[in-house]
There are 2 protein chains.
Amino acid sequence: MRIGELSRRTGVPIPTIKYYMREGLVPQGERTGPNQARYGEEHVRRLRLAKALVEVGGLPVASARQALALIFSSGISEFDVLGKAQYALTPPRERAGDAAGDAAGDAAGDEAAAQVDDLIARRGWQVKPGNPARRTLADALATLRRLGQDDYLDLLETYAEAAEHLADTEVRAISRRGDLHAMAEAIVIWTALGDPVIASLRRLAQEARAARLLGGTAEETA
Amino acid sequence: MRIGELSRRTGVPIPTIKYYMREGLVPQGERTGPNQARYGEEHVRRLRLAKALVEVGGLPVASARQALALIFSSGISEFDVLGKAQYALTPPRERAGDAAGDAAGDAAGDEAAAQVDDLIARRGWQVKPGNPARRTLADALATLRRLGQDDYLDLLETYAEAAEHLADTEVRAISRRGDLHAMAEAIVIWTALGDPVIASLRRLAQEARAARLLGGTAEETA
DNA sequence: TGATAGTGGAGAGTGTCACTATCTAATTTA
DNA sequence: TAAATTAGATAGTGACACTCTCCACTATCA
């Protein structure tokens, strides 16, 4: 097929397809002439995936490229798909740890890092020291502490339990796929799209619980 | 205090403080002369909060302004703090539902919306029809469907259970605060920062579970 | 009592990001 | 054969979150 059909079938505008090709999210088409190229089903799949990661998953284009490269590469083993996916999907953390404010060499940051290590150890989790989620979590906890919300940090235990339960179900479901390629694809998709799904469900459940507890009514909101 | 100290105590650069004042995230200082103003502890708190919401929570500045306005306003009732916070904290959803691709008037989108309604009903949740999380969730589910991941949609039940459990604990913890003002603040903070916390924990737990199931080792990754 | 550093406020400038538009020459397609 | 598409390259756009520059002033230290 040519680019027009590719655009129609995926809902991605032609200029955007061209842009994604330049950026390497989608490979070039098979050239058939000086100004003609042909595209196949793989282009459709890959483009749909790119669109989903960027639009729904909110990934930067560069991260989406990495994730797509991972899925469509041949030399992956099941031992590192997940790790590489997590690396690719963690939005490039800007410099952190600086600008803590309030003089004092940032006690909250150190405490938070220790707290993360402690949590991981206590749960018996085996996590690579380089997993970017460690940093993200420590940053968030340090911020919570600086905002004086440390009296709620026991919620963390509940969060960790829930995460463990989720991860257990997810890993189990995905490992049932025999095909390594399909596993890699599912990991990327569910890691990226799972975040908004969980966030939405949390908000919905919050509203429901709050209504039940505070007696709020299900009326419209400004 | 003057702006220099405000900057030092919060870790926010002076030009950024000025920008935040222009954007209304932080109120103006109390003028004491043609080119002098004084700032107080409220400025410090508010600026820290602004920084947290933007840097860690990843909110757009406009959303952070709304959230801060909510916290520091006087006329809120406990019946709508949460709803308003959710409205303020949901990143402005761009147009959705269009550009589905593949001809066919987007069956995935309709099915997903129905699926969300069904889930909410099945769980017995009381959720306002206008809650923005409905849309976000439906979009994500529709995308999952279009990517052919609908055979995993039973994971949704696990997600919903986890969300319900989390929300229950959160709402319970927050409602223990008698002060409505403190409640509003906690809601905003935990709604915004809870997302990255949960996402990180999920990733850590995933790696741990995968290691256990696949026998992966905790070595370094590229 | 200067010299130096630090303000407040307004407007313009910067860098990044994700597209989007335009152009040319060369095909297809009707 | 005329109109519509196409590939590819380059340039432009709009949103966003700052960041810089000025200037007429204070504030503070030697």
# chains A, B, ... in the order shown; residues from 1 in each chain; ligands from 1
$ interface_residues --of "chain D" --to "chain B" --cutoff "10 Å" --atoms "only C-alpha atoms (C1' of nucleotides)" --output "list in words"
DC16, DA17, DC18, DT19, DC20, DA24, DC25 and DT26 of chain D
$ select_by_dssp --residues "range 10-219 of chain B" --states "strand (DSSP E)" --output "ChimeraX atom specification"
/B:30-33,36-38
$ closest_residue --among "C:DG13, C:DA18, C:DA26, C:DT4" --to "DG8 in chain D" --atoms "only C-alpha atoms (C1' of nucleotides)"
C:DA26
$ residues_around --residues "DA4 in chain D" --least-positions-apart "4" --cutoff "10 Å" --atoms "only C-alpha atoms (C1' of nucleotides)" --output "ChimeraX atom specification"
/C:28-30
$ atom_distance --atom1 "CA of Asp151 in chain B" --atom2 "CA of Val26 in chain A"
25.5 Å
$ atom_distance --atom1 "CA of Gly109 in chain B" --atom2 "CA of Arg203 in chain B"
28.0 Å
$ closest_residue --among "A:Ile71, A:Val116, A:Ala62, A:Val44" --to "chain C" --atoms "only C-alpha atoms (C1' of nucleotides)"
A:Ala62
$ interface_residues --of "chain C" --to "chain B" --cutoff "9 Å" --atoms "only C-alpha atoms (C1' of nucleotides)" --output "PyMOL selection string"
chain C and resi 6-9
$ residues_around --residues "Lys51 in chain B" --least-positions-apart "5" --cutoff "12 Å" --atoms "only C-alpha atoms (C1' of nucleotides)" --output "MDAnalysis selection string"
(chainID A and resid 99:101 140 143:144 146:147) or (chainID B and resid 7 10:13 16:17 20 25:26 43:46 56:61 64:65 68 189 193)
$ write_last_selection --atoms "N, CA and C atoms" --output "JSON list (two decimals), in the first residue's frame"
[["chain", "number", "residue", "atom", "x", "y", "z"],
["A", 99, "ALA", "N", 18.34, 21.47, 44.17],
["A", 99, "ALA", "CA", 17.25, 22.40, 44.42],
["A", 99, "ALA", "C", 16.26, 21.88, 45.46],
["A", 100, "ALA", "N", 16.78, 21.39, 46.55],
["A", 100, "ALA", "CA", 15.88, 20.92, 47.58],
["A", 100, "ALA", "C", 15.37, 22.09, 48.40],
["A", 101, "GLY", "N", 16.17, 23.09, 48.53],
["A", 101, "GLY", "CA", 15.76, 24.26, 49.28],
["A", 101, "GLY", "C", 15.93, 24.07, 50.77],
["A", 140, "ALA", "N", 9.68, 11.15, 44.57],
["A", 140, "ALA", "CA", 8.31, 11.43, 44.99],
["A", 140, "ALA", "C", 8.20, 11.38, 46.51],
["A", 143, "THR", "N", 9.72, 14.42, 48.08],
["A", 143, "THR", "CA", 8.84, 15.57, 47.93],
["A", 143, "THR", "C", 7.70, 15.53, 48.95],
["A", 144, "LEU", "N", 7.12, 14.37, 49.09],
["A", 144, "LEU", "CA", 6.04, 14.20, 50.08],
["A", 144, "LEU", "C", 6.53, 14.62, 51.46],
["A", 146, "ARG", "N", 9.01, 16.65, 52.17],
["A", 146, "ARG", "CA", 9.24, 18.10, 52.24],
["A", 146, "ARG", "C", 7.94, 18.87, 52.37],
["A", 147, "LEU", "N", 6.86, 18.28, 51.89],
["A", 147, "LEU", "CA", 5.57, 18.96, 51.97],
["A", 147, "LEU", "C", 4.87, 18.66, 53.29],
["B", 7, "SER", "N", 13.52, 32.31, 47.32],
["B", 7, "SER", "CA", 14.15, 31.43, 46.34],
["B", 7, "SER", "C", 15.05, 30.40, 47.03],
["B", 10, "THR", "N", 13.07, 27.68, 48.95],
["B", 10, "THR", "CA", 12.24, 26.73, 48.19],
["B", 10, "THR", "C", 13.01, 26.03, 47.08],
["B", 11, "GLY", "N", 14.17, 26.59, 46.75],
["B", 11, "GLY", "CA", 14.93, 26.00, 45.65],
["B", 11, "GLY", "C", 14.38, 26.37, 44.29],
["B", 12, "VAL", "N", 13.50, 27.35, 44.25],
["B", 12, "VAL", "CA", 12.96, 27.80, 42.97],
["B", 12, "VAL", "C", 13.71, 29.08, 42.56],
["B", 13, "PRO", "N", 14.26, 29.12, 41.35],
["B", 13, "PRO", "CA", 15.00, 30.29, 40.90],
["B", 13, "PRO", "C", 14.11, 31.54, 40.87],
["B", 16, "THR", "N", 11.81, 32.16, 37.95],
["B", 16, "THR", "CA", 10.68, 31.23, 37.95],
["B", 16, "THR", "C", 9.62, 31.66, 38.96],
["B", 17, "ILE", "N", 10.08, 32.16, 40.09],
["B", 17, "ILE", "CA", 9.11, 32.66, 41.08],
["B", 17, "ILE", "C", 8.30, 33.80, 40.46],
["B", 20, "TYR", "N", 5.83, 32.35, 38.11],
["B", 20, "TYR", "CA", 4.72, 31.72, 38.81],
["B", 20, "TYR", "C", 3.76, 32.77, 39.38],
["B", 25, "LEU", "N", 0.18, 31.15, 40.28],
["B", 25, "LEU", "CA", 0.37, 29.97, 41.14],
["B", 25, "LEU", "C", 0.67, 30.42, 42.56],
["B", 26, "VAL", "N", 1.26, 31.58, 42.65],
["B", 26, "VAL", "CA", 1.66, 32.13, 43.94],
["B", 26, "VAL", "C", 1.19, 33.58, 43.94],
["B", 43, "HIS", "N", 3.75, 31.99, 51.29],
["B", 43, "HIS", "CA", 4.39, 31.97, 49.98],
["B", 43, "HIS", "C", 5.33, 30.76, 49.87],
["B", 44, "VAL", "N", 6.03, 30.51, 50.96],
["B", 44, "VAL", "CA", 6.95, 29.38, 50.96],
["B", 44, "VAL", "C", 6.20, 28.08, 50.73],
["B", 45, "ARG", "N", 5.14, 27.89, 51.49],
["B", 45, "ARG", "CA", 4.35, 26.66, 51.36],
["B", 45, "ARG", "C", 3.78, 26.50, 49.97],
["B", 46, "ARG", "N", 3.24, 27.60, 49.50],
["B", 46, "ARG", "CA", 2.56, 27.55, 48.22],
["B", 46, "ARG", "C", 3.54, 27.30, 47.08],
["B", 56, "VAL", "N", 7.33, 17.00, 40.13],
["B", 56, "VAL", "CA", 7.15, 15.58, 40.42],
["B", 56, "VAL", "C", 5.83, 15.07, 39.86],
["B", 57, "GLY", "N", 4.77, 15.86, 40.07],
["B", 57, "GLY", "CA", 3.47, 15.42, 39.59],
["B", 57, "GLY", "C", 3.32, 15.58, 38.09],
["B", 58, "GLY", "N", 4.21, 16.36, 37.49],
["B", 58, "GLY", "CA", 4.16, 16.52, 36.04],
["B", 58, "GLY", "C", 2.96, 17.30, 35.54],
["B", 59, "LEU", "N", 2.35, 18.10, 36.37],
["B", 59, "LEU", "CA", 1.18, 18.87, 35.94],
["B", 59, "LEU", "C", 1.60, 20.06, 35.09],
["B", 60, "PRO", "N", 0.76, 20.42, 34.11],
["B", 60, "PRO", "CA", 0.95, 21.69, 33.43],
["B", 60, "PRO", "C", 0.72, 22.83, 34.42],
["B", 61, "VAL", "N", 1.38, 23.93, 34.17],
["B", 61, "VAL", "CA", 1.29, 25.08, 35.08],
["B", 61, "VAL", "C", -0.15, 25.52, 35.29],
["B", 64, "ALA", "N", -1.80, 23.26, 37.76],
["B", 64, "ALA", "CA", -1.27, 23.50, 39.10],
["B", 64, "ALA", "C", -1.93, 24.75, 39.70],
["B", 65, "ARG", "N", -2.14, 25.74, 38.86],
["B", 65, "ARG", "CA", -2.79, 26.96, 39.37],
["B", 65, "ARG", "C", -4.18, 26.63, 39.91],
["B", 68, "LEU", "N", -3.92, 24.74, 43.19],
["B", 68, "LEU", "CA", -3.51, 25.61, 44.29],
["B", 68, "LEU", "C", -4.63, 26.54, 44.71],
["B", 189, "ILE", "N", -2.31, 16.80, 46.96],
["B", 189, "ILE", "CA", -0.95, 16.25, 46.97],
["B", 189, "ILE", "C", -0.95, 14.77, 46.64],
["B", 193, "LEU", "N", 0.70, 13.21, 43.40],
["B", 193, "LEU", "CA", 1.96, 12.49, 43.59],
["B", 193, "LEU", "C", 1.76, 10.98, 43.72]]
$ atom_distance --atom1 "CA of Glu23 in chain A" --atom2 "CA of Thr191 in chain A"
22.2 Å
